[in-house]
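Engineer: So that you have it, the file is start_2.txt, and it contains compact mmCIF, C-alpha atoms and all ligand atoms:
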```
# COMPACT_ATOMS: atom_id res chain seq x y z
CA MET E 165 -90.14 -66.32 59.66
CA ILE E 166 -93.48 -66.06 57.87
CA GLU E 167 -94.54 -62.70 56.43
CA LEU E 168 -97.93 -61.94 54.94
CA HIS E 169 -98.17 -58.76 52.88
CA HIS E 170 -101.72 -57.66 52.03
CA LEU E 171 -102.62 -61.31 51.39
CA THR E 172 -106.01 -61.60 49.69
CA LYS E 173 -107.90 -64.61 48.37
CA SER E 174 -111.37 -64.72 46.90
CA TYR E 175 -113.33 -67.75 45.76
CA GLY E 176 -115.96 -66.32 43.42
CA SER E 177 -117.88 -63.80 45.51
CA THR E 178 -116.44 -65.13 48.83
CA LEU E 179 -113.57 -63.07 50.19
CA ALA E 180 -111.84 -65.76 52.30
CA VAL E 181 -108.72 -63.69 53.12
CA ASP E 182 -108.92 -59.92 52.94
CA ASP E 183 -105.77 -57.76 52.88
CA LEU E 184 -104.10 -59.72 55.68
CA SER E 185 -100.65 -58.63 56.88
CA PHE E 186 -98.75 -60.03 59.87
CA LYS E 187 -95.48 -61.74 60.77
CA VAL E 188 -94.74 -65.00 62.56
CA GLU E 189 -91.39 -64.38 64.22
CA PRO E 190 -88.71 -66.90 65.21
CA GLY E 191 -88.57 -67.83 68.90
CA HIS E 192 -92.33 -67.55 69.44
CA VAL E 193 -95.49 -69.63 69.28
CA THR E 194 -97.99 -67.42 67.48
CA GLY E 195 -101.57 -68.52 68.03
CA PHE E 196 -103.84 -68.08 65.01
CA LEU E 197 -107.45 -67.64 66.09
CA GLY E 198 -110.74 -66.81 64.45
CA PRO E 199 -114.35 -68.01 64.15
CA ASN E 200 -115.36 -70.78 61.74
CA GLY E 201 -114.93 -69.57 58.19
CA ALA E 202 -112.65 -66.66 59.18
CA GLY E 203 -109.99 -67.69 56.65
CA LYS E 204 -107.38 -69.45 58.83
CA SER E 205 -107.08 -72.65 56.77
CA THR E 206 -107.07 -70.65 53.55
CA THR E 207 -104.21 -68.54 54.92
CA LEU E 208 -102.23 -71.67 55.84
CA ARG E 209 -102.84 -73.13 52.36
CA LEU E 210 -101.69 -69.87 50.72
CA ILE E 211 -98.48 -69.90 52.81
CA LEU E 212 -97.82 -73.48 51.64
CA GLY E 213 -98.47 -72.68 47.98
CA LEU E 214 -101.45 -75.08 47.91
CA ASP E 215 -103.56 -72.21 46.60
CA ALA E 216 -102.57 -69.00 44.82
CA PRO E 217 -103.41 -65.59 46.30
CA THR E 218 -105.70 -63.26 44.38
CA SER E 219 -103.31 -60.47 45.41
CA GLY E 220 -100.62 -59.80 47.98
CA GLN E 221 -98.09 -62.39 49.04
CA ALA E 222 -97.11 -64.93 51.68
CA LEU E 223 -93.37 -65.40 52.23
CA VAL E 224 -91.45 -68.09 54.13
CA ASN E 225 -87.94 -66.96 55.01
CA GLY E 226 -88.33 -64.16 52.47
CA ARG E 227 -89.41 -66.39 49.57
CA ARG E 228 -92.63 -67.77 48.14
CA TYR E 229 -93.13 -71.42 49.13
CA THR E 230 -93.19 -72.51 45.48
CA SER E 231 -89.70 -71.08 44.94
CA LEU E 232 -88.14 -72.97 47.88
CA ARG E 233 -85.73 -75.62 46.58
CA ARG E 234 -86.16 -78.09 49.48
CA PRO E 235 -89.34 -76.85 51.13
CA MET E 236 -89.53 -79.45 53.94
CA ARG E 237 -86.20 -78.18 55.24
CA GLU E 238 -87.62 -74.65 55.54
CA VAL E 239 -91.21 -75.18 56.63
CA GLY E 240 -93.12 -78.10 58.10
CA ALA E 241 -96.89 -78.23 58.41
CA LEU E 242 -99.69 -80.32 59.80
CA LEU E 243 -102.90 -79.33 58.03
CA ASP E 244 -105.00 -82.46 57.69
CA ALA E 245 -103.84 -85.56 59.55
CA GLY E 246 -106.27 -87.69 57.52
CA ALA E 247 -104.48 -86.97 54.24
CA VAL E 248 -102.26 -90.07 54.38
CA HIS E 249 -102.17 -93.23 52.25
CA GLY E 250 -103.71 -95.84 54.59
CA GLY E 251 -101.97 -98.80 52.93
CA ARG E 252 -98.46 -97.64 53.82
CA SER E 253 -96.67 -98.09 57.11
CA ALA E 254 -95.83 -94.98 59.14
CA TYR E 255 -92.15 -95.57 58.37
CA ASP E 256 -92.73 -95.91 54.61
CA HIS E 257 -94.97 -92.84 54.54
CA LEU E 258 -92.26 -90.74 56.15
CA LEU E 259 -89.50 -92.34 54.07
CA CYS E 260 -91.30 -91.34 50.84
CA LEU E 261 -91.58 -87.76 52.08
CA ALA E 262 -87.95 -87.76 53.22
CA ARG E 263 -86.62 -89.06 49.88
CA SER E 264 -88.41 -86.32 47.96
CA ASN E 265 -86.51 -83.76 50.03
CA ASP E 266 -83.05 -85.39 50.21
CA ILE E 267 -83.54 -86.38 53.84
CA GLY E 268 -81.92 -89.61 55.05
CA PRO E 269 -83.68 -92.59 56.72
CA ARG E 270 -82.03 -91.90 60.09
CA ARG E 271 -84.14 -88.75 60.40
CA VAL E 272 -87.29 -90.83 59.76
CA SER E 273 -86.50 -92.97 62.80
CA GLU E 274 -85.70 -89.86 64.87
CA VAL E 275 -89.06 -88.16 64.21
CA LEU E 276 -90.98 -91.42 64.76
CA ASP E 277 -89.28 -91.63 68.13
CA GLN E 278 -89.97 -87.97 68.88
CA ALA E 279 -93.66 -88.44 68.04
CA GLY E 280 -93.94 -91.56 70.21
CA LEU E 281 -94.63 -93.80 67.20
CA ALA E 282 -91.46 -95.93 67.17
CA GLY E 283 -93.41 -98.97 68.41
CA VAL E 284 -95.93 -98.82 65.54
CA ALA E 285 -93.57 -97.60 62.80
CA ARG E 286 -94.10 -100.73 60.65
CA LYS E 287 -97.88 -100.83 61.10
CA ARG E 288 -100.25 -99.70 58.33
CA VAL E 289 -101.49 -96.15 58.81
CA GLY E 290 -104.99 -97.33 57.84
CA GLY E 291 -105.27 -98.93 61.30
CA PHE E 292 -104.14 -95.79 63.18
CA SER E 293 -106.44 -93.91 65.57
CA LEU E 294 -107.05 -90.18 65.04
CA GLY E 295 -104.50 -89.35 67.73
CA MET E 296 -101.88 -91.61 66.13
CA ARG E 297 -102.51 -89.93 62.76
CA GLN E 298 -102.04 -86.55 64.40
CA ARG E 299 -98.72 -87.75 65.80
CA LEU E 300 -97.71 -89.02 62.35
CA GLY E 301 -98.63 -85.64 60.81
CA ILE E 302 -96.48 -83.91 63.41
CA ALA E 303 -93.60 -86.31 62.72
CA ALA E 304 -93.91 -85.42 59.01
CA ALA E 305 -93.82 -81.70 59.80
CA LEU E 306 -90.62 -82.19 61.83
CA LEU E 307 -88.92 -84.37 59.20
CA GLY E 308 -86.87 -81.64 57.52
CA ASP E 309 -85.89 -80.04 60.86
CA PRO E 310 -87.40 -76.77 59.56
CA GLY E 311 -87.14 -73.36 61.17
CA VAL E 312 -90.78 -72.60 60.44
CA LEU E 313 -93.66 -74.85 61.54
CA MET E 314 -97.42 -74.54 61.14
CA PHE E 315 -100.01 -76.67 62.91
CA ASP E 316 -103.77 -76.66 62.30
CA GLU E 317 -105.64 -78.08 65.33
CA PRO E 318 -102.78 -80.42 66.33
CA VAL E 319 -104.40 -81.65 69.56
CA ASN E 320 -107.48 -82.99 67.73
CA GLY E 321 -108.04 -86.54 68.96
CA LEU E 322 -105.07 -86.59 71.31
CA ASP E 323 -105.39 -87.95 74.84
CA PRO E 324 -104.32 -85.80 77.83
CA ASP E 325 -100.79 -87.18 77.65
CA GLY E 326 -100.67 -86.24 73.95
CA VAL E 327 -102.07 -82.76 74.61
CA ARG E 328 -99.32 -82.08 77.13
CA TRP E 329 -96.73 -83.52 74.74
CA ILE E 330 -97.88 -81.13 71.98
CA ARG E 331 -97.82 -78.16 74.33
CA GLU E 332 -94.29 -78.92 75.47
CA LEU E 333 -93.16 -79.69 71.91
CA MET E 334 -94.45 -76.33 70.58
CA ARG E 335 -92.77 -74.42 73.37
CA SER E 336 -89.48 -76.23 72.98
CA LEU E 337 -89.51 -75.74 69.19
CA ALA E 338 -89.99 -72.00 69.77
CA ALA E 339 -87.27 -71.96 72.45
CA GLN E 340 -84.92 -73.43 69.84
CA GLY E 341 -85.54 -70.27 67.79
CA ARG E 342 -88.14 -71.63 65.37
CA ALA E 343 -91.18 -69.68 64.20
CA ILE E 344 -94.37 -71.56 65.12
CA LEU E 345 -97.87 -70.76 63.82
CA LEU E 346 -100.54 -72.65 65.76
CA SER E 347 -104.18 -72.57 64.72
CA SER E 348 -106.69 -73.88 67.24
CA HIS E 349 -110.11 -73.18 68.71
CA LEU E 350 -109.06 -74.47 72.14
CA MET E 351 -108.57 -71.25 74.10
CA SER E 352 -107.35 -72.86 77.34
CA GLU E 353 -104.67 -74.77 75.48
CA MET E 354 -103.76 -71.71 73.42
CA ALA E 355 -103.30 -69.65 76.60
CA LEU E 356 -100.81 -72.24 77.88
CA THR E 357 -98.94 -72.69 74.61
CA ALA E 358 -98.79 -69.44 72.62
CA ASP E 359 -97.10 -66.20 73.59
CA ARG E 360 -98.39 -64.10 70.70
CA ILE E 361 -101.86 -64.09 69.18
CA VAL E 362 -103.21 -63.13 65.78
CA ILE E 363 -107.01 -63.02 65.52
CA VAL E 364 -108.84 -62.92 62.19
CA GLY E 365 -112.52 -62.39 61.45
CA CYS E 366 -114.17 -62.50 58.02
CA GLY E 367 -110.69 -62.78 56.47
CA ARG E 368 -109.40 -59.57 58.06
CA LEU E 369 -106.95 -58.93 60.89
CA VAL E 370 -108.94 -58.25 64.07
CA ALA E 371 -106.13 -58.16 66.65
CA GLU E 372 -102.42 -58.85 67.02
CA ALA E 373 -101.08 -58.88 70.57
CA THR E 374 -99.17 -60.89 73.15
CA VAL E 375 -101.12 -63.28 75.38
CA THR E 376 -100.00 -61.14 78.35
CA GLU E 377 -101.47 -57.98 76.76
CA LEU E 378 -104.79 -59.70 76.11
CA THR E 379 -105.06 -61.33 79.54
CA THR E 380 -104.20 -58.01 81.21
CA ARG E 381 -107.02 -56.23 79.34
CA TYR E 382 -109.56 -59.09 79.65
CA PRO E 383 -110.27 -61.69 82.39
CA SER E 384 -108.98 -64.52 80.16
CA LEU E 385 -107.84 -65.25 76.61
CA GLU E 386 -111.28 -66.71 75.92
CA ASP E 387 -112.94 -63.46 77.07
CA ALA E 388 -110.54 -61.45 74.89
CA TYR E 389 -111.26 -63.67 71.89
CA LEU E 390 -115.05 -63.53 72.34
CA ALA E 391 -115.05 -59.74 72.77
CA LEU E 392 -112.75 -59.10 69.81
CA THR E 393 -114.57 -61.44 67.40
CA SER E 394 -118.16 -60.63 68.45
CA GLY E 395 -118.71 -58.66 65.24
CA SER E 396 -117.30 -61.30 62.90
CA VAL E 397 -118.96 -64.59 63.90
CA GLN E 398 -120.69 -65.93 60.77
CA TYR E 399 -122.01 -69.24 62.11
CA GLY E 400 -123.15 -68.52 65.66
CA GLY E 401 -125.72 -70.83 67.26
CA ALA E 402 -128.84 -69.49 68.96
CA ARG E 403 -128.27 -68.54 72.64
N1 LIG D 501 -111.82 -74.06 47.92
C1 LIG D 501 -112.77 -73.21 48.30
N2 LIG D 501 -113.74 -72.84 47.47
C2 LIG D 501 -114.71 -71.97 47.83
N3 LIG D 501 -114.76 -71.37 49.05
C3 LIG D 501 -113.80 -71.69 49.92
C4 LIG D 501 -112.76 -72.62 49.62
N4 LIG D 501 -111.95 -72.73 50.70
C5 LIG D 501 -112.47 -71.91 51.65
N5 LIG D 501 -113.59 -71.30 51.18
C6 LIG D 501 -114.40 -70.31 51.92
O1 LIG D 501 -113.51 -69.35 52.45
C7 LIG D 501 -113.92 -68.97 53.76
C8 LIG D 501 -112.81 -69.21 54.75
O2 LIG D 501 -112.67 -70.62 54.96
P1 LIG D 501 -111.50 -71.26 55.83
O3 LIG D 501 -111.64 -72.74 55.71
O4 LIG D 501 -110.22 -70.67 55.45
O5 LIG D 501 -111.90 -70.78 57.30
P2 LIG D 501 -111.32 -71.24 58.71
O6 LIG D 501 -111.03 -70.01 59.48
O7 LIG D 501 -110.21 -72.19 58.51
O8 LIG D 501 -112.57 -71.98 59.35
P3 LIG D 501 -112.66 -73.19 60.44
O9 LIG D 501 -112.32 -72.58 61.76
O10 LIG D 501 -114.11 -73.55 60.36
O11 LIG D 501 -111.75 -74.28 60.00
C9 LIG D 501 -115.22 -69.74 54.05
O12 LIG D 501 -116.30 -68.91 53.71
C10 LIG D 501 -115.12 -70.92 53.11
O13 LIG D 501 -116.41 -71.38 52.76
```
Show how you would write the structure in this file as C-alpha cells.

Structural biologist:
Amino acid sequence: MIELHHLTKSYGSTLAVDDLSFKVEPGHVTGFLGPNGAGKSTTLRLILGLDAPTSGQALVNGRRYTSLRRPMREVGALLDAGAVHGGRSAYDHLLCLARSNDIGPRRVSEVLDQAGLAGVARKRVGGFSLGMRQRLGIAAALLGDPGVLMFDEPVNGLDPDGVRWIRELMRSLAAQGRAILLSSHLMSEMALTADRIVIVGCGRLVAEATVTELTTRYPSLEDAYLALTSGSVQYGGAR
C-alpha cells in the first residue's frame, strides 16, 4: 500500500506537489492522471525517496522508502527506461540490481522470461529498442517480487503485442493482491487497465474515483479527464 499524507514539494517558487493525500490500495490498478507538469513524476520520485518532500510524507507499507531495509522486495518501479548502463547485458544489469537486494540469480532469469527478454538476455542493452528497454525496466521492477509497483508510461514504445502484455500484466499483478500505481496519458489504455483513478492538476488532487464512477457520469474516461482537468492545463496548444 502507498499512502500520501499532505505531500508537498516546491522547487524554488514552483509548487510541483501541493498538499496531496491519497492511497494506492492492494488488489487494484490505480491510474495516476494529470496534464503535463501536474506533478505526477515528482510524486513518484518522492515515493521512491529520490527527492525529499518539503512537507508531508509518502509511505510504502507504512514506512518511508529510505527506511526500507530491502526496498526492491517492497516496491518496484519503472520511471525512466532509458536510465540503464548501455554497455551491460540485460542479464548483468538485472544481476547487479538483484545482488544489491539479496535476490538470487534464478529470479533474474524468471523476470527476463516474464518480460519476454530471455532470448536477448546476454545482449548489450545499448543495442535495445525503446520497447525492449521498457520491457527491461519492467523486469527490474518485478525483480524483488514486491507487493507495491509503480509504472510511469510503461507502454511507451511498445508494439500492440507489448501493449496487451502490459495491460494483462498489470491486471494480473493487482489480482495477486499487489498495489499498482500506473501513470499514463493514454486514456483508452487506462480505461482498459485501471479500476481506480487519481487525477492531479497543478500539484493538487482534482478527483479520486473508480473508472466505473467516472464512465457513468461522463461518456468516457477521456471525457471525464478533460472535464475535470480543464481548469488546470498549463501547456495547452491553441485550438
Ligand atoms: N528538479 C526540478 N527542478 C525544478 N522544477 C522541477 C523539477 N522537477 C519538476 N519540476 C517542476 O515541477 C512541476 C511538476 O513536474 P512533473 O515532472 O512532476 O510533472 P508531470 O505531471 O510528471 O508532467 P508530465 O506529464 O509532463 O510528465 C513542473 O512545473 C516542473 O517544471

Engineer: Need the shell around Arg271 of chain E: protein/DNA/RNA residues with any atom at most 10 Å away, counting all atoms listed in the file. Skip same-chain ones fewer than 4 positions apart. Format as an MDAnalysis selection string?

Structural biologist: chainID E and resid 258:259 262 267 275:277 306:309

Engineer: Select, from E:Ile211, E:Leu243, E:Leu179, E:Ala305, the residue with the minimum atom-to-atom distance to Tyr229 of chain E, counting all atoms listed in the file.

Structural biologist: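 Between E:Ile211, E:Leu243, E:Leu179, E:Ala305, the residue approaching Tyr229 of chain E most closely is E:Ile211.
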
Engineer: With all atoms of ligand LIG 501 (chain D) from the file as input, state the centre and edge lengths in Å to one decimal of the axis-aligned box that has 4 Å extra on each side, as JSON.

Structural biologist:
```
{"center_x": -113.3, "center_y": -71.6, "center_z": 54.6, "size_x": 14.2, "size_y": 13.4, "size_z": 22.3}
```

Engineer: Give as a list in words the residues surrounding ligand LIG 501 (chain D) up to a distance of 6 Å, considering only C-alpha atoms and all ligand atoms.

Structural biologist: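 So the residues close to ligand LIG 501 (chain D) are Tyr175, Ala180, Gly198, Pro199, Asn200, Gly201, Ala202, Gly203, Lys204, Ser205 and Thr206 of chain E.
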
Engineer: Keeping only C-alpha atoms, write the selected residues to a file as a CSV table (one decimal), in the coordinates of the input.

Structural biologist:
```csv
chain,number,residue,atom,x,y,z
E,175,TYR,CA,-113.3,-67.8,45.8
E,180,ALA,CA,-111.8,-65.8,52.3
E,198,GLY,CA,-110.7,-66.8,64.4
E,199,PRO,CA,-114.4,-68.0,64.2
E,200,ASN,CA,-115.4,-70.8,61.7
E,201,GLY,CA,-114.9,-69.6,58.2
E,202,ALA,CA,-112.6,-66.7,59.2
E,203,GLY,CA,-110.0,-67.7,56.6
E,204,LYS,CA,-107.4,-69.4,58.8
E,205,SER,CA,-107.1,-72.6,56.8
E,206,THR,CA,-107.1,-70.6,53.6
```

Engineer: For each of E:Arg252, E:Arg237, E:Lys173, E:Arg381, take the minimum atom-to-atom distance to Phe292 of chain E, counting only C-alpha atoms, then give the residue where this is smallest.

Structural biologist: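 Using only C-alpha atoms, the shortest distance to Phe292 of chain E belongs to E:Arg252.
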
Engineer: Which residue gives the smallest distance to Pro217 of chain E among E:Val364, E:Val375, E:Val188, E:Leu168, with all atoms listed in the file counted?

Structural biologist: E:Leu168

Engineer: Taking the block above, write segment 297-332 of chain E with N, CA and C atoms as a PDB file, in the first residue's frame.

Structural biologist:
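The result, written out as out29.pdb:
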```
ATOM      1  N   ARG E 297      13.793  -1.775 -23.977  1.00  0.00           N
ATOM      2  CA  ARG E 297      14.222  -1.111 -22.733  1.00  0.00           C
ATOM      3  C   ARG E 297      13.059  -1.011 -21.738  1.00  0.00           C
ATOM      4  N   GLN E 298      11.875  -0.759 -22.296  1.00  0.00           N
ATOM      5  CA  GLN E 298      10.698  -0.706 -21.416  1.00  0.00           C
ATOM      6  C   GLN E 298      10.506  -2.064 -20.749  1.00  0.00           C
ATOM      7  N   ARG E 299      10.629  -3.125 -21.543  1.00  0.00           N
ATOM      8  CA  ARG E 299      10.477  -4.474 -21.001  1.00  0.00           C
ATOM      9  C   ARG E 299      11.538  -4.756 -19.928  1.00  0.00           C
ATOM     10  N   LEU E 300      12.767  -4.270 -20.182  1.00  0.00           N
ATOM     11  CA  LEU E 300      13.833  -4.476 -19.198  1.00  0.00           C
ATOM     12  C   LEU E 300      13.526  -3.709 -17.899  1.00  0.00           C
ATOM     13  N   GLY E 301      12.991  -2.492 -18.051  1.00  0.00           N
ATOM     14  CA  GLY E 301      12.621  -1.699 -16.872  1.00  0.00           C
ATOM     15  C   GLY E 301      11.517  -2.382 -16.073  1.00  0.00           C
ATOM     16  N   ILE E 302      10.612  -3.029 -16.780  1.00  0.00           N
ATOM     17  CA  ILE E 302       9.520  -3.740 -16.102  1.00  0.00           C
ATOM     18  C   ILE E 302      10.077  -4.987 -15.404  1.00  0.00           C
ATOM     19  N   ALA E 303      11.005  -5.675 -16.080  1.00  0.00           N
ATOM     20  CA  ALA E 303      11.653  -6.833 -15.452  1.00  0.00           C
ATOM     21  C   ALA E 303      12.356  -6.400 -14.157  1.00  0.00           C
ATOM     22  N   ALA E 304      13.016  -5.248 -14.183  1.00  0.00           N
ATOM     23  CA  ALA E 304      13.718  -4.751 -12.993  1.00  0.00           C
ATOM     24  C   ALA E 304      12.725  -4.449 -11.870  1.00  0.00           C
ATOM     25  N   ALA E 305      11.589  -3.891 -12.236  1.00  0.00           N
ATOM     26  CA  ALA E 305      10.575  -3.559 -11.221  1.00  0.00           C
ATOM     27  C   ALA E 305      10.043  -4.828 -10.546  1.00  0.00           C
ATOM     28  N   LEU E 306       9.978  -5.926 -11.335  1.00  0.00           N
ATOM     29  CA  LEU E 306       9.406  -7.175 -10.814  1.00  0.00           C
ATOM     30  C   LEU E 306      10.421  -8.007 -10.014  1.00  0.00           C
ATOM     31  N   LEU E 307      11.695  -7.628 -10.129  1.00  0.00           N
ATOM     32  CA  LEU E 307      12.795  -8.449  -9.611  1.00  0.00           C
ATOM     33  C   LEU E 307      12.597  -8.889  -8.149  1.00  0.00           C
ATOM     34  N   GLY E 308      12.230  -7.984  -7.297  1.00  0.00           N
ATOM     35  CA  GLY E 308      12.106  -8.315  -5.868  1.00  0.00           C
ATOM     36  C   GLY E 308      10.754  -8.903  -5.498  1.00  0.00           C
ATOM     37  N   ASP E 309       9.910  -9.206  -6.505  1.00  0.00           N
ATOM     38  CA  ASP E 309       8.570  -9.743  -6.270  1.00  0.00           C
ATOM     39  C   ASP E 309       7.800  -8.862  -5.270  1.00  0.00           C
ATOM     40  N   PRO E 310       7.813  -7.537  -5.495  1.00  0.00           N
ATOM     41  CA  PRO E 310       7.266  -6.623  -4.487  1.00  0.00           C
ATOM     42  C   PRO E 310       5.739  -6.562  -4.500  1.00  0.00           C
ATOM     43  N   GLY E 311       5.199  -6.160  -3.386  1.00  0.00           N
ATOM     44  CA  GLY E 311       3.747  -6.025  -3.254  1.00  0.00           C
ATOM     45  C   GLY E 311       3.231  -4.698  -3.764  1.00  0.00           C
ATOM     46  N   VAL E 312       4.159  -3.766  -4.012  1.00  0.00           N
ATOM     47  CA  VAL E 312       3.788  -2.438  -4.499  1.00  0.00           C
ATOM     48  C   VAL E 312       4.583  -2.171  -5.777  1.00  0.00           C
ATOM     49  N   LEU E 313       3.890  -1.746  -6.829  1.00  0.00           N
ATOM     50  CA  LEU E 313       4.577  -1.470  -8.104  1.00  0.00           C
ATOM     51  C   LEU E 313       4.102  -0.147  -8.682  1.00  0.00           C
ATOM     52  N   MET E 314       5.041   0.602  -9.251  1.00  0.00           N
ATOM     53  CA  MET E 314       4.695   1.890  -9.864  1.00  0.00           C
ATOM     54  C   MET E 314       5.285   1.937 -11.276  1.00  0.00           C
ATOM     55  N   PHE E 315       4.477   2.362 -12.222  1.00  0.00           N
ATOM     56  CA  PHE E 315       4.915   2.400 -13.615  1.00  0.00           C
ATOM     57  C   PHE E 315       4.584   3.762 -14.211  1.00  0.00           C
ATOM     58  N   ASP E 316       5.600   4.418 -14.778  1.00  0.00           N
ATOM     59  CA  ASP E 316       5.391   5.716 -15.430  1.00  0.00           C
ATOM     60  C   ASP E 316       5.442   5.494 -16.940  1.00  0.00           C
ATOM     61  N   GLU E 317       4.331   5.654 -17.618  1.00  0.00           N
ATOM     62  CA  GLU E 317       4.213   5.458 -19.069  1.00  0.00           C
ATOM     63  C   GLU E 317       4.857   4.142 -19.531  1.00  0.00           C
ATOM     64  N   PRO E 318       4.395   2.998 -19.013  1.00  0.00           N
ATOM     65  CA  PRO E 318       5.076   1.739 -19.355  1.00  0.00           C
ATOM     66  C   PRO E 318       4.881   1.285 -20.795  1.00  0.00           C
ATOM     67  N   VAL E 319       3.834   1.771 -21.477  1.00  0.00           N
ATOM     68  CA  VAL E 319       3.607   1.277 -22.847  1.00  0.00           C
ATOM     69  C   VAL E 319       4.343   2.097 -23.905  1.00  0.00           C
ATOM     70  N   ASN E 320       5.080   3.130 -23.459  1.00  0.00           N
ATOM     71  CA  ASN E 320       5.891   3.939 -24.367  1.00  0.00           C
ATOM     72  C   ASN E 320       6.760   3.067 -25.258  1.00  0.00           C
ATOM     73  N   GLY E 321       6.567   3.139 -26.565  1.00  0.00           N
ATOM     74  CA  GLY E 321       7.456   2.410 -27.471  1.00  0.00           C
ATOM     75  C   GLY E 321       7.099   0.953 -27.672  1.00  0.00           C
ATOM     76  N   LEU E 322       6.093   0.454 -26.956  1.00  0.00           N
ATOM     77  CA  LEU E 322       5.762  -0.964 -27.125  1.00  0.00           C
ATOM     78  C   LEU E 322       4.841  -1.180 -28.320  1.00  0.00           C
ATOM     79  N   ASP E 323       5.028  -2.309 -28.990  1.00  0.00           N
ATOM     80  CA  ASP E 323       4.158  -2.660 -30.123  1.00  0.00           C
ATOM     81  C   ASP E 323       2.818  -3.185 -29.571  1.00  0.00           C
ATOM     82  N   PRO E 324       1.816  -3.383 -30.436  1.00  0.00           N
ATOM     83  CA  PRO E 324       0.497  -3.797 -29.938  1.00  0.00           C
ATOM     84  C   PRO E 324       0.535  -5.054 -29.071  1.00  0.00           C
ATOM     85  N   ASP E 325       1.409  -5.981 -29.418  1.00  0.00           N
ATOM     86  CA  ASP E 325       1.546  -7.189 -28.607  1.00  0.00           C
ATOM     87  C   ASP E 325       2.037  -6.816 -27.200  1.00  0.00           C
ATOM     88  N   GLY E 326       3.014  -5.891 -27.160  1.00  0.00           N
ATOM     89  CA  GLY E 326       3.571  -5.440 -25.884  1.00  0.00           C
ATOM     90  C   GLY E 326       2.546  -4.673 -25.063  1.00  0.00           C
ATOM     91  N   VAL E 327       1.730  -3.868 -25.735  1.00  0.00           N
ATOM     92  CA  VAL E 327       0.699  -3.083 -25.036  1.00  0.00           C
ATOM     93  C   VAL E 327      -0.289  -4.028 -24.349  1.00  0.00           C
ATOM     94  N   ARG E 328      -0.686  -5.067 -25.074  1.00  0.00           N
ATOM     95  CA  ARG E 328      -1.624  -6.027 -24.478  1.00  0.00           C
ATOM     96  C   ARG E 328      -0.956  -6.784 -23.330  1.00  0.00           C
ATOM     97  N   TRP E 329       0.335  -7.115 -23.527  1.00  0.00           N
ATOM     98  CA  TRP E 329       1.072  -7.814 -22.469  1.00  0.00           C
ATOM     99  C   TRP E 329       1.085  -6.973 -21.190  1.00  0.00           C
ATOM    100  N   ILE E 330       1.384  -5.668 -21.330  1.00  0.00           N
ATOM    101  CA  ILE E 330       1.425  -4.781 -20.154  1.00  0.00           C
ATOM    102  C   ILE E 330       0.058  -4.740 -19.469  1.00  0.00           C
ATOM    103  N   ARG E 331      -0.979  -4.606 -20.288  1.00  0.00           N
ATOM    104  CA  ARG E 331      -2.332  -4.495 -19.723  1.00  0.00           C
ATOM    105  C   ARG E 331      -2.653  -5.745 -18.894  1.00  0.00           C
ATOM    106  N   GLU E 332      -2.353  -6.900 -19.478  1.00  0.00           N
ATOM    107  CA  GLU E 332      -2.665  -8.152 -18.779  1.00  0.00           C
ATOM    108  C   GLU E 332      -1.763  -8.339 -17.553  1.00  0.00           C
TER     109      GLU E 332
END
```
